[in-house]
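Participant: File name model27.txt; file contents compact mmCIF, C-alpha atoms; full text below.
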```txt
# COMPACT_ATOMS: atom_id res chain seq x y z
CA MET G 1 0.00 0.00 0.00
CA ALA G 2 1.10 3.54 -0.70
CA GLY G 3 -0.29 6.68 0.83
CA PHE G 4 -1.93 9.75 -0.68
CA ARG G 5 -3.02 13.02 0.86
CA SER G 6 -6.71 13.78 0.80
CA PRO G 7 -7.15 17.29 -0.67
CA SER G 8 -10.09 18.03 1.61
CA SER G 9 -8.76 16.89 4.98
CA GLY G 10 -5.01 16.98 4.51
CA LEU G 11 -4.85 13.52 6.09
CA ARG G 12 -2.90 10.64 4.60
CA THR G 13 -5.04 7.61 3.80
CA PRO G 14 -4.09 4.20 2.39
CA ARG G 15 -4.07 3.79 -1.38
CA PRO G 16 -3.70 0.32 -2.93
CA ALA G 17 -0.56 0.02 -5.05
CA ALA G 18 -2.75 -1.40 -7.84
CA PHE G 19 -4.40 2.00 -8.21
CA GLY G 20 -1.14 3.12 -9.80
CA ALA G 21 -0.10 6.77 -9.89
CA ASP G 22 -1.53 9.96 -11.37
CA PRO G 23 0.45 11.80 -14.05
CA THR G 24 2.47 14.73 -12.72
CA GLY G 25 5.21 17.11 -13.83
CA GLU G 26 6.29 17.01 -17.47
CA ARG G 27 4.01 14.05 -18.14
CA MET G 28 1.00 16.09 -17.03
CA ALA G 29 2.25 19.10 -18.99
CA ARG G 30 2.40 16.96 -22.11
CA ILE G 31 -1.13 15.74 -21.46
CA ARG G 32 -2.38 19.31 -21.24
CA ARG G 33 -0.73 20.06 -24.61
CA SER G 34 -2.54 17.18 -26.31
CA PRO G 35 -5.13 18.27 -28.89
CA HIS G 36 -7.38 15.55 -27.47
CA PHE G 37 -7.34 16.97 -23.92
CA ARG G 38 -9.93 19.66 -23.27
CA ASP G 39 -11.79 21.01 -20.25
CA GLY G 40 -9.50 19.04 -17.95
CA VAL G 41 -10.13 15.57 -19.46
CA PHE G 42 -9.35 13.51 -22.54
CA GLN G 43 -12.13 13.68 -25.13
CA ASN G 44 -13.55 10.89 -27.26
CA PRO G 45 -13.68 11.08 -31.05
CA GLY G 46 -17.09 12.07 -32.30
CA GLY G 47 -18.17 13.81 -29.12
CA THR G 48 -19.04 12.69 -25.60
CA ALA G 49 -19.39 8.97 -24.91
CA ARG G 50 -21.56 7.80 -22.04
CA THR G 51 -19.18 6.04 -19.68
CA ARG G 52 -21.70 5.23 -16.95
CA PRO G 53 -24.56 2.74 -17.40
CA SER G 54 -27.67 4.33 -18.83
CA GLY G 55 -31.28 3.34 -18.33
CA SER G 56 -32.95 2.06 -15.21
CA ALA G 57 -30.74 0.70 -12.45
CA ARG G 58 -33.64 -1.49 -11.37
CA GLU G 59 -33.94 -2.98 -14.86
CA PHE G 60 -30.21 -3.63 -15.03
CA ALA G 61 -30.22 -5.29 -11.60
CA LYS G 62 -33.18 -7.45 -12.59
CA ILE G 63 -31.33 -8.73 -15.66
CA TYR G 64 -27.94 -9.05 -14.00
CA PHE G 65 -29.12 -10.95 -10.92
CA ASP G 66 -31.71 -13.11 -12.63
CA ARG G 67 -30.85 -16.74 -11.85
CA GLU G 68 -31.07 -18.03 -15.42
CA SER G 69 -29.10 -15.06 -16.69
CA ARG G 70 -26.34 -15.69 -14.13
CA LEU G 71 -26.08 -19.33 -15.20
CA ARG G 72 -25.67 -18.36 -18.84
CA ARG G 73 -22.90 -15.89 -18.04
CA ALA G 74 -20.45 -18.66 -17.15
CA PRO G 75 -19.49 -21.95 -18.80
CA ARG G 76 -21.02 -25.10 -17.34
CA GLY G 77 -17.68 -26.94 -17.43
CA PRO G 78 -13.94 -26.32 -17.82
CA ILE G 79 -13.04 -24.15 -20.81
CA PRO G 80 -10.83 -26.15 -23.21
CA VAL G 81 -7.57 -24.24 -22.91
CA HIS G 82 -4.69 -25.10 -25.23
CA ALA G 83 -1.63 -25.47 -23.01
CA THR G 84 0.82 -23.25 -24.85
CA THR G 85 4.29 -24.78 -24.76
CA LEU G 86 7.77 -23.64 -25.65
CA ALA G 87 7.57 -25.99 -28.62
CA ASP G 88 4.55 -24.08 -29.95
CA LEU G 89 6.48 -20.83 -29.92
CA ALA G 90 10.05 -21.97 -30.58
CA ARG G 91 9.38 -22.64 -34.27
CA PRO G 92 9.17 -19.40 -36.28
CA PRO G 93 5.85 -18.87 -38.05
CA ALA G 94 6.08 -20.22 -41.59
CA THR G 95 4.19 -17.24 -43.00
CA GLY G 96 5.89 -14.57 -40.87
CA LEU G 97 2.81 -13.84 -38.74
CA ARG G 98 1.38 -15.90 -35.88
CA LEU G 99 -1.17 -14.92 -33.22
CA THR G 100 -1.78 -16.61 -29.89
CA TRP G 101 -4.88 -15.47 -28.00
CA MET G 102 -4.09 -15.72 -24.29
CA GLY G 103 -7.67 -14.97 -23.24
CA HIS G 104 -9.65 -11.75 -22.90
CA SER G 105 -7.69 -9.05 -24.79
CA GLY G 106 -4.25 -10.59 -24.34
CA VAL G 107 -2.57 -11.63 -27.61
CA LEU G 108 1.00 -12.60 -28.41
CA ALA G 109 1.71 -11.47 -31.99
CA GLU G 110 4.82 -12.83 -33.67
CA ILE G 111 5.31 -10.52 -36.61
CA ASP G 112 8.27 -10.46 -38.99
CA ASP G 113 10.69 -12.05 -36.48
CA ARG G 114 9.56 -9.77 -33.64
CA ARG G 115 7.26 -10.44 -30.71
CA VAL G 116 4.53 -8.11 -29.42
CA LEU G 117 2.40 -8.83 -26.36
CA PHE G 118 -0.90 -6.92 -26.22
CA ASP G 119 -2.78 -6.22 -22.96
CA PRO G 120 -1.30 -9.08 -20.90
CA VAL G 121 -3.37 -10.03 -17.85
CA TRP G 122 -2.08 -13.06 -15.95
CA GLY G 123 -3.71 -12.15 -12.62
CA GLU G 124 -6.57 -14.18 -11.15
CA ARG G 125 -8.88 -11.17 -10.89
CA CYS G 126 -9.28 -7.95 -12.87
CA SER G 127 -9.49 -5.90 -9.70
CA PRO G 128 -7.28 -3.83 -7.38
CA PHE G 129 -7.91 -6.42 -4.68
CA PRO G 130 -6.86 -10.10 -4.70
CA PHE G 131 -9.97 -11.16 -2.77
CA ALA G 132 -12.73 -9.44 -4.78
CA GLY G 133 -13.71 -8.61 -8.33
CA PRO G 134 -14.27 -10.62 -11.52
CA LYS G 135 -12.31 -13.87 -11.41
CA ARG G 136 -10.83 -15.76 -14.34
CA LEU G 137 -13.07 -18.39 -15.92
CA HIS G 138 -10.06 -20.30 -17.23
CA PRO G 139 -6.38 -20.45 -16.24
CA ALA G 140 -3.71 -18.62 -18.20
CA PRO G 141 -2.66 -20.92 -21.05
CA ALA G 142 1.01 -20.72 -20.04
CA PRO G 143 3.16 -19.12 -17.35
CA LEU G 144 4.23 -15.64 -18.36
CA ALA G 145 7.90 -16.65 -18.28
CA ALA G 146 7.20 -19.51 -20.70
CA LEU G 147 6.49 -17.05 -23.51
CA GLY G 148 10.18 -16.25 -23.84
CA PRO G 149 11.61 -12.85 -24.82
CA VAL G 150 9.12 -10.18 -25.90
CA ASP G 151 10.28 -7.12 -27.85
CA VAL G 152 7.46 -4.83 -26.79
CA VAL G 153 4.41 -4.94 -24.52
CA VAL G 154 1.50 -2.84 -25.79
CA ILE G 155 -1.16 -1.52 -23.40
CA SER G 156 -4.46 -0.13 -24.72
CA HIS G 157 -5.64 1.63 -21.54
CA ASP G 158 -5.47 1.43 -17.78
CA HIS G 159 -8.58 -0.56 -16.80
CA TYR G 160 -7.88 -3.60 -14.64
CA ASP G 161 -8.80 -6.16 -17.29
CA HIS G 162 -6.13 -4.67 -19.60
CA LEU G 163 -3.45 -3.36 -17.26
CA ASP G 164 -2.63 -5.86 -14.51
CA MET G 165 -0.14 -4.78 -11.84
CA PRO G 166 1.28 -8.27 -11.02
CA THR G 167 1.82 -8.96 -14.73
CA ILE G 168 3.53 -5.61 -15.31
CA LYS G 169 5.77 -6.12 -12.28
CA ALA G 170 6.83 -9.50 -13.64
CA LEU G 171 7.57 -8.01 -17.06
CA ALA G 172 9.45 -5.11 -15.47
CA GLY G 173 12.17 -7.62 -14.60
CA THR G 174 12.76 -8.41 -18.29
CA ASP G 175 14.32 -6.33 -21.07
CA THR G 176 11.05 -5.64 -22.87
CA LEU G 177 9.92 -2.14 -23.84
CA PHE G 178 6.40 -0.85 -23.18
CA ALA G 179 4.24 1.13 -25.61
CA VAL G 180 1.38 2.85 -23.79
CA PRO G 181 -1.11 5.69 -24.32
CA LEU G 182 -0.34 9.12 -22.94
CA GLY G 183 -0.36 9.23 -19.13
CA VAL G 184 -0.40 5.44 -18.59
CA GLY G 185 3.37 5.48 -18.10
CA ALA G 186 2.80 6.94 -14.62
CA HIS G 187 1.31 3.63 -13.48
CA LEU G 188 4.15 1.59 -14.96
CA GLU G 189 6.87 3.74 -13.41
CA HIS G 190 5.08 3.46 -10.06
CA TRP G 191 5.35 -0.34 -10.41
CA GLY G 192 9.04 -0.37 -11.27
CA VAL G 193 9.31 0.04 -15.04
CA PRO G 194 12.24 2.38 -15.84
CA ALA G 195 11.31 5.53 -17.74
CA ASP G 196 13.77 4.69 -20.54
CA ARG G 197 11.78 1.54 -21.34
CA LEU G 198 8.55 3.46 -21.92
CA ARG G 199 7.20 4.73 -25.23
CA GLU G 200 4.24 6.92 -24.31
CA LEU G 201 2.12 8.07 -27.25
CA ASP G 202 -0.78 10.34 -28.06
CA TRP G 203 -3.21 9.39 -30.83
CA HIS G 204 -1.58 9.43 -34.28
CA GLU G 205 1.94 9.31 -32.82
CA SER G 206 4.30 6.46 -33.76
CA THR G 207 7.42 4.88 -32.37
CA ARG G 208 9.92 2.36 -33.77
CA VAL G 209 10.77 -0.72 -31.73
CA ALA G 210 13.00 -3.51 -33.06
CA GLY G 211 12.11 -2.77 -36.68
CA LEU G 212 8.37 -2.46 -36.00
CA THR G 213 6.34 0.74 -36.28
CA LEU G 214 3.75 1.09 -33.52
CA THR G 215 1.07 3.76 -33.87
CA ALA G 216 -1.47 4.79 -31.24
CA ALA G 217 -4.84 5.30 -32.93
CA PRO G 218 -8.14 6.68 -31.62
CA ALA G 219 -10.68 4.60 -29.70
CA ARG G 220 -14.00 5.44 -28.05
CA HIS G 221 -13.76 4.54 -24.39
CA PHE G 222 -12.60 5.98 -21.04
CA CYS G 223 -10.00 5.34 -18.34
CA GLY G 224 -9.38 5.20 -14.61
CA ARG G 225 -8.26 2.85 -11.82
CA GLY G 226 -8.79 4.64 -8.53
CA LEU G 227 -11.69 6.08 -6.57
CA ARG G 228 -11.19 9.36 -8.36
CA ASN G 229 -11.50 8.92 -12.13
CA THR G 230 -9.54 11.96 -13.33
CA GLN G 231 -9.61 11.03 -17.06
CA HIS G 232 -5.92 12.02 -17.23
CA THR G 233 -4.78 8.82 -18.95
CA LEU G 234 -5.55 8.17 -22.59
CA TRP G 235 -7.08 5.06 -24.18
CA ALA G 236 -6.01 3.87 -27.63
CA SER G 237 -6.19 1.25 -30.32
CA TRP G 238 -2.90 0.18 -31.88
CA VAL G 239 -1.44 -0.42 -35.32
CA VAL G 240 1.73 -2.54 -35.52
CA ALA G 241 3.49 -2.70 -38.88
CA GLY G 242 6.52 -4.79 -39.75
CA GLU G 243 8.45 -5.24 -42.97
CA GLU G 244 5.83 -7.57 -44.46
CA HIS G 245 2.81 -7.67 -42.15
CA ARG G 246 0.56 -5.34 -40.23
CA VAL G 247 -1.98 -5.96 -37.47
CA TYR G 248 -4.53 -3.90 -35.55
CA HIS G 249 -5.60 -4.24 -31.89
CA SER G 250 -8.74 -2.34 -30.95
CA GLY G 251 -8.33 -2.22 -27.18
CA ASP G 252 -11.74 -1.34 -25.72
CA THR G 253 -13.94 0.86 -27.86
CA GLY G 254 -17.42 1.61 -28.98
CA TYR G 255 -18.12 1.72 -32.70
CA PHE G 256 -17.31 5.03 -34.40
CA ASP G 257 -16.64 6.29 -37.91
CA GLY G 258 -12.92 6.63 -37.22
CA PHE G 259 -12.29 2.97 -38.09
CA ARG G 260 -12.53 3.93 -41.75
CA ASP G 261 -9.91 6.65 -41.26
CA ILE G 262 -7.57 4.26 -39.41
CA GLY G 263 -7.93 1.73 -42.21
CA ALA G 264 -7.29 4.33 -44.90
CA ALA G 265 -4.16 5.59 -43.12
CA HIS G 266 -2.67 2.28 -41.98
CA GLY G 267 -4.50 -0.66 -43.57
CA PRO G 268 -5.33 -3.05 -44.94
CA PHE G 269 -4.39 -5.49 -42.18
CA ASP G 270 -3.38 -9.12 -42.27
CA ALA G 271 -5.29 -9.55 -39.01
CA THR G 272 -7.36 -7.45 -36.66
CA MET G 273 -7.96 -8.16 -32.97
CA ILE G 274 -11.37 -6.66 -32.28
CA GLN G 275 -13.18 -6.18 -28.95
CA LEU G 276 -16.70 -7.58 -29.23
CA GLY G 277 -17.54 -8.82 -25.75
CA ALA G 278 -18.82 -7.21 -22.52
CA TYR G 279 -21.33 -5.20 -24.53
CA SER G 280 -24.75 -4.12 -23.31
CA ARG G 281 -27.53 -1.75 -24.26
CA PHE G 282 -26.81 -0.13 -20.88
CA TRP G 283 -23.39 1.13 -22.15
CA PRO G 284 -23.66 1.27 -25.96
CA ASP G 285 -20.96 3.92 -26.50
CA ILE G 286 -17.91 2.17 -25.05
CA HIS G 287 -18.06 -1.50 -26.13
CA MET G 288 -19.01 -3.17 -29.40
CA THR G 289 -21.51 -5.91 -30.15
CA PRO G 290 -20.43 -8.71 -32.50
CA ALA G 291 -22.21 -6.93 -35.36
CA GLU G 292 -20.38 -3.69 -34.60
CA GLY G 293 -17.07 -5.51 -34.21
CA LEU G 294 -17.50 -7.07 -37.66
CA ARG G 295 -18.45 -3.70 -39.09
CA ALA G 296 -15.31 -2.16 -37.53
CA HIS G 297 -13.16 -4.87 -39.12
CA LEU G 298 -14.72 -4.26 -42.54
CA ASP G 299 -14.20 -0.50 -42.15
CA LEU G 300 -10.54 -1.09 -41.30
CA GLN G 301 -10.19 -3.22 -44.46
CA GLY G 302 -11.67 -0.62 -46.78
CA GLY G 303 -15.26 -1.89 -46.66
CA ALA G 304 -14.82 -5.42 -47.99
CA PRO G 305 -13.97 -8.76 -46.37
CA ALA G 306 -10.21 -9.18 -46.08
CA GLY G 307 -7.62 -10.50 -43.66
CA VAL G 308 -8.64 -12.41 -40.54
CA LEU G 309 -10.68 -11.14 -37.60
CA LEU G 310 -9.70 -12.43 -34.15
CA PRO G 311 -12.47 -11.71 -31.60
CA ILE G 312 -11.10 -10.56 -28.24
CA HIS G 313 -12.47 -9.34 -24.89
CA TRP G 314 -14.69 -12.35 -24.29
CA GLY G 315 -14.57 -15.78 -22.69
CA THR G 316 -12.21 -15.07 -19.76
CA PHE G 317 -14.08 -12.74 -17.38
CA ASN G 318 -17.77 -12.23 -16.66
CA LEU G 319 -18.17 -8.48 -17.22
CA ALA G 320 -21.64 -7.99 -18.77
CA PRO G 321 -25.23 -9.33 -18.73
CA HIS G 322 -24.94 -11.24 -22.00
CA ALA G 323 -24.45 -15.01 -22.14
CA TRP G 324 -20.85 -16.24 -21.92
CA ALA G 325 -20.93 -17.89 -25.37
CA GLU G 326 -22.96 -15.21 -27.12
CA PRO G 327 -20.01 -13.25 -28.59
CA GLY G 328 -18.65 -16.41 -30.20
CA GLU G 329 -22.00 -17.55 -31.60
CA TRP G 330 -23.09 -14.17 -32.91
CA THR G 331 -19.71 -13.35 -34.40
CA LYS G 332 -19.65 -16.70 -36.19
CA ASP G 333 -23.08 -16.08 -37.71
CA ALA G 334 -22.38 -12.47 -38.67
CA ALA G 335 -19.04 -13.28 -40.26
CA GLU G 336 -20.42 -16.20 -42.26
CA GLU G 337 -23.15 -13.98 -43.66
CA ALA G 338 -20.63 -11.29 -44.59
CA GLY G 339 -18.10 -13.73 -46.04
CA GLN G 340 -15.41 -12.65 -43.58
CA ALA G 341 -12.77 -15.04 -42.23
CA VAL G 342 -12.81 -15.21 -38.42
CA ALA G 343 -10.44 -17.15 -36.17
CA PHE G 344 -11.86 -18.96 -33.13
CA PRO G 345 -8.80 -20.37 -31.36
CA ARG G 346 -9.07 -21.89 -27.93
CA PRO G 347 -7.23 -19.72 -25.39
CA GLY G 348 -3.52 -20.39 -25.92
CA GLU G 349 -3.87 -21.94 -29.41
CA PRO G 350 -1.39 -20.39 -31.87
CA PHE G 351 -2.46 -19.89 -35.49
CA GLU G 352 -1.19 -18.16 -38.61
CA PRO G 353 -3.73 -15.92 -40.38
CA ALA G 354 -2.30 -16.91 -43.76
CA GLY G 355 -2.39 -20.59 -42.83
CA GLU G 356 -5.00 -22.87 -41.32
CA VAL G 357 -7.35 -20.71 -39.25
CA PRO G 358 -9.22 -22.37 -36.33
CA VAL G 359 -12.97 -22.17 -36.90
CA GLU G 360 -14.48 -24.78 -34.58
CA ALA G 361 -17.17 -23.49 -32.20
CA TRP G 362 -15.36 -25.02 -29.21
CA TRP G 363 -17.47 -23.13 -26.66
CA ARG G 364 -20.63 -25.10 -27.50
CA ALA G 365 -19.47 -28.14 -25.54
CA VAL G 366 -19.40 -26.14 -22.29
CA SER G 367 -22.03 -23.46 -22.89
CA GLU G 368 -25.46 -23.11 -21.36
CA PRO G 369 -28.19 -22.51 -23.97
CA ILE G 370 -28.17 -18.93 -25.26
CA ALA G 371 -31.35 -17.06 -24.41
CA HIS G 372 -31.92 -15.62 -27.89
CA VAL G 373 -30.32 -16.55 -31.17
CA TRP G 374 -28.77 -14.31 -33.77
CA ARG G 375 -31.58 -12.20 -35.18
CA ARG G 376 -30.91 -12.62 -38.86
CA PRO G 377 -33.48 -11.33 -41.37
CA ARG G 378 -34.81 -13.75 -43.97
CA SER G 379 -34.82 -13.17 -47.70
CA ALA G 380 -37.93 -13.47 -49.85
CA GLU G 381 -36.98 -17.08 -50.63
CA GLY G 382 -36.90 -17.87 -46.92
CA ALA G 383 -33.14 -18.36 -46.68
CA PRO G 384 -31.10 -16.47 -44.10
CA GLY G 385 -29.61 -13.31 -45.50
CA THR G 386 -28.17 -10.02 -44.37
CA SER G 387 -27.04 -6.65 -45.55
CA ARG G 388 -24.63 -4.08 -44.21
CA GLY G 389 -27.51 -2.22 -42.60
CA ASP G 390 -28.96 -5.36 -41.03
CA LEU G 391 -25.71 -6.00 -39.15
CA ASP G 392 -26.29 -2.87 -37.08
CA LEU G 393 -29.46 -4.38 -35.63
CA ALA G 394 -28.02 -7.72 -34.59
CA GLY G 395 -26.83 -7.17 -31.07
CA GLU G 396 -27.91 -6.97 -27.45
CA ARG G 397 -29.83 -3.72 -27.92
```
Starting from the file, lay out its structure as structure tokens.

Facilitator:
Amino acid sequence: MAGFRSPSSGLRTPRPAAFGADPTGERMARIRRSPHFRDGVFQNPGGTARTRPSGSAREFAKIYFDRESRLRRAPRGPIPVHATTLADLARPPATGLRLTWMGHSGVLAEIDDRRVLFDPVWGERCSPFPFAGPKRLHPAPAPLAALGPVDVVVISHDHYDHLDMPTIKALAGTDTLFAVPLGVGAHLEHWGVPADRLRELDWHESTRVAGLTLTAAPARHFCGRGLRNTQHTLWASWVVAGEEHRVYHSGDTGYFDGFRDIGAAHGPFDATMIQLGAYSRFWPDIHMTPAEGLRAHLDLQGGAPAGVLLPIHWGTFNLAPHAWAEPGEWTKDAAEEAGQAVAFPRPGEPFEPAGEVPVEAWWRAVSEPIAHVWRRPRSAEGAPGTSRGDLDLAGER
């Protein structure tokens, strides 16, 4: 525990180390100079995003605590995790690009002989406290040390399910560099990461690491770890480009028109890692439904199916009222109707987007029945069909 001084009382009160640290000094001065910082907070693209649940608290509680709903929000048996081994990762990818989904938003990307680890969370809970908060639904596919050397760790924002203090402290003892959005470096320094191993970027800024170009791109979300949410740390999506390949990681975001701009500036992508879990009609601005996640991928690819979509931000933690398996089922249906290739690896299962892509609906063996199926319109002939506009309607809205 560290201490902080209450501005109202002047007294020092305990502050959990996991809360991190607020930006100060030159870091805060740089934040204030950002064109995306206004009226004392970072601003979202396209105007204000609702960051607190909307609608009736009573209605939300009724849905969230309903017995059948609670059963559907977790698997009914052990999730089939692929036990990632050194042998899986010791052989270079034949095509030059390999992705290993570690669960939730964590992905190890091996790209053009370099290794990038996105949003690593190896902790048991996404919480500042080890005894409370959402607990993992499956174990980490491999010990963090078993991954071997990593050239750069990329963090999308500072929420607990993306920035995990125990994981960062473990990585601080390695030689890896860290690419983070503006202000997030304050947390990492507080946990022992030397300043010279940080690359702290505003939207549209880039840095070079080991021959890779990493660019922080806009996202529609929010930030904060402590009791006071100062909105002084930025959230971002990320573009990573190597000599031959390029990938995109969305972090957490609601759908917005900026995906088209990101795609035009940096795409097309060999693979995108798109957040499409933990959505709800109670917070429509800050997370995407499967339909919106597919639409974001298509926008990033110039409007047509291309590359491979890897769904992230689902399956590992129970963070929303929707059924545990719903993101997988709905994404599979939406992608098939759009003709878009989607990878469905088990947590820890490496795959190469240009090779054999895992497509088995592995979650079905351990899923409770989903309350409502994908709402696909039917054509005049009675066969399932869809259009770009229809995809906007297929979600938990």

Participant: Which residues come within 9 Å of Ala323 in chain G, counting only C-alpha atoms, excluding same-chain residues fewer than 3 positions away, as a ChimeraX atom specification?

Facilitator: /G:69-74,320,326-327,367-371

Participant: Given only C-alpha atoms as the basis, pick out the residue of G:Tyr160, G:Phe42, G:Trp330, G:Tyr248 nearest to Gln231 in chain G.

Facilitator: G:Phe42

Participant: Counting only C-alpha atoms, which residues in range 174-233 of chain G sit no more than 7 Å from range 30-41 of chain G? For each one, give the nearest pair of atoms and the distance in Å, sorted by chain then residue number, as JSON lines.

Facilitator:
```
{"residue": "G:Leu182", "atom": "CA", "partner": "G:Ile31", "partner_atom": "CA", "distance": 6.8}
{"residue": "G:Gly183", "atom": "CA", "partner": "G:Ile31", "partner_atom": "CA", "distance": 7.0}
{"residue": "G:Gln231", "atom": "CA", "partner": "G:Val41", "partner_atom": "CA", "distance": 5.2}
{"residue": "G:His232", "atom": "CA", "partner": "G:Val41", "partner_atom": "CA", "distance": 5.9}
```

Participant: Compile the contact shell of Ala142 in chain G as a PDB file with C-alpha atoms, in the frame of the given file: residues with an atom at most 9 Å away, counting all atoms listed in the file, same-chain residues fewer than 3 positions apart removed.

Facilitator:
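Saved file around-v4.pdb follows:
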```
ATOM      1  CA  HIS G  82      -4.690 -25.100 -25.230  1.00  0.00           C
ATOM      2  CA  ALA G  83      -1.630 -25.470 -23.010  1.00  0.00           C
ATOM      3  CA  THR G  84       0.820 -23.250 -24.850  1.00  0.00           C
ATOM      4  CA  THR G  85       4.290 -24.780 -24.760  1.00  0.00           C
ATOM      5  CA  MET G 102      -4.090 -15.720 -24.290  1.00  0.00           C
ATOM      6  CA  PRO G 139      -6.380 -20.450 -16.240  1.00  0.00           C
ATOM      7  CA  ALA G 145       7.900 -16.650 -18.280  1.00  0.00           C
ATOM      8  CA  ALA G 146       7.200 -19.510 -20.700  1.00  0.00           C
ATOM      9  CA  LEU G 147       6.490 -17.050 -23.510  1.00  0.00           C
ATOM     10  CA  GLY G 348      -3.520 -20.390 -25.920  1.00  0.00           C
TER      11      GLY G 348
END
```

Participant: In Å, with one decimal, what is the gap from CA of Met28 in chain G to CA of His187 in chain G?

Facilitator: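 These two atoms are separated by 13.0 Å.
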
Participant: For a test of reading the model, state the distance in Å between CA of Ala94 in chain G and CA of Leu298 in chain G, rounded to one decimal.

Facilitator: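 It comes out at 26.2 Å.
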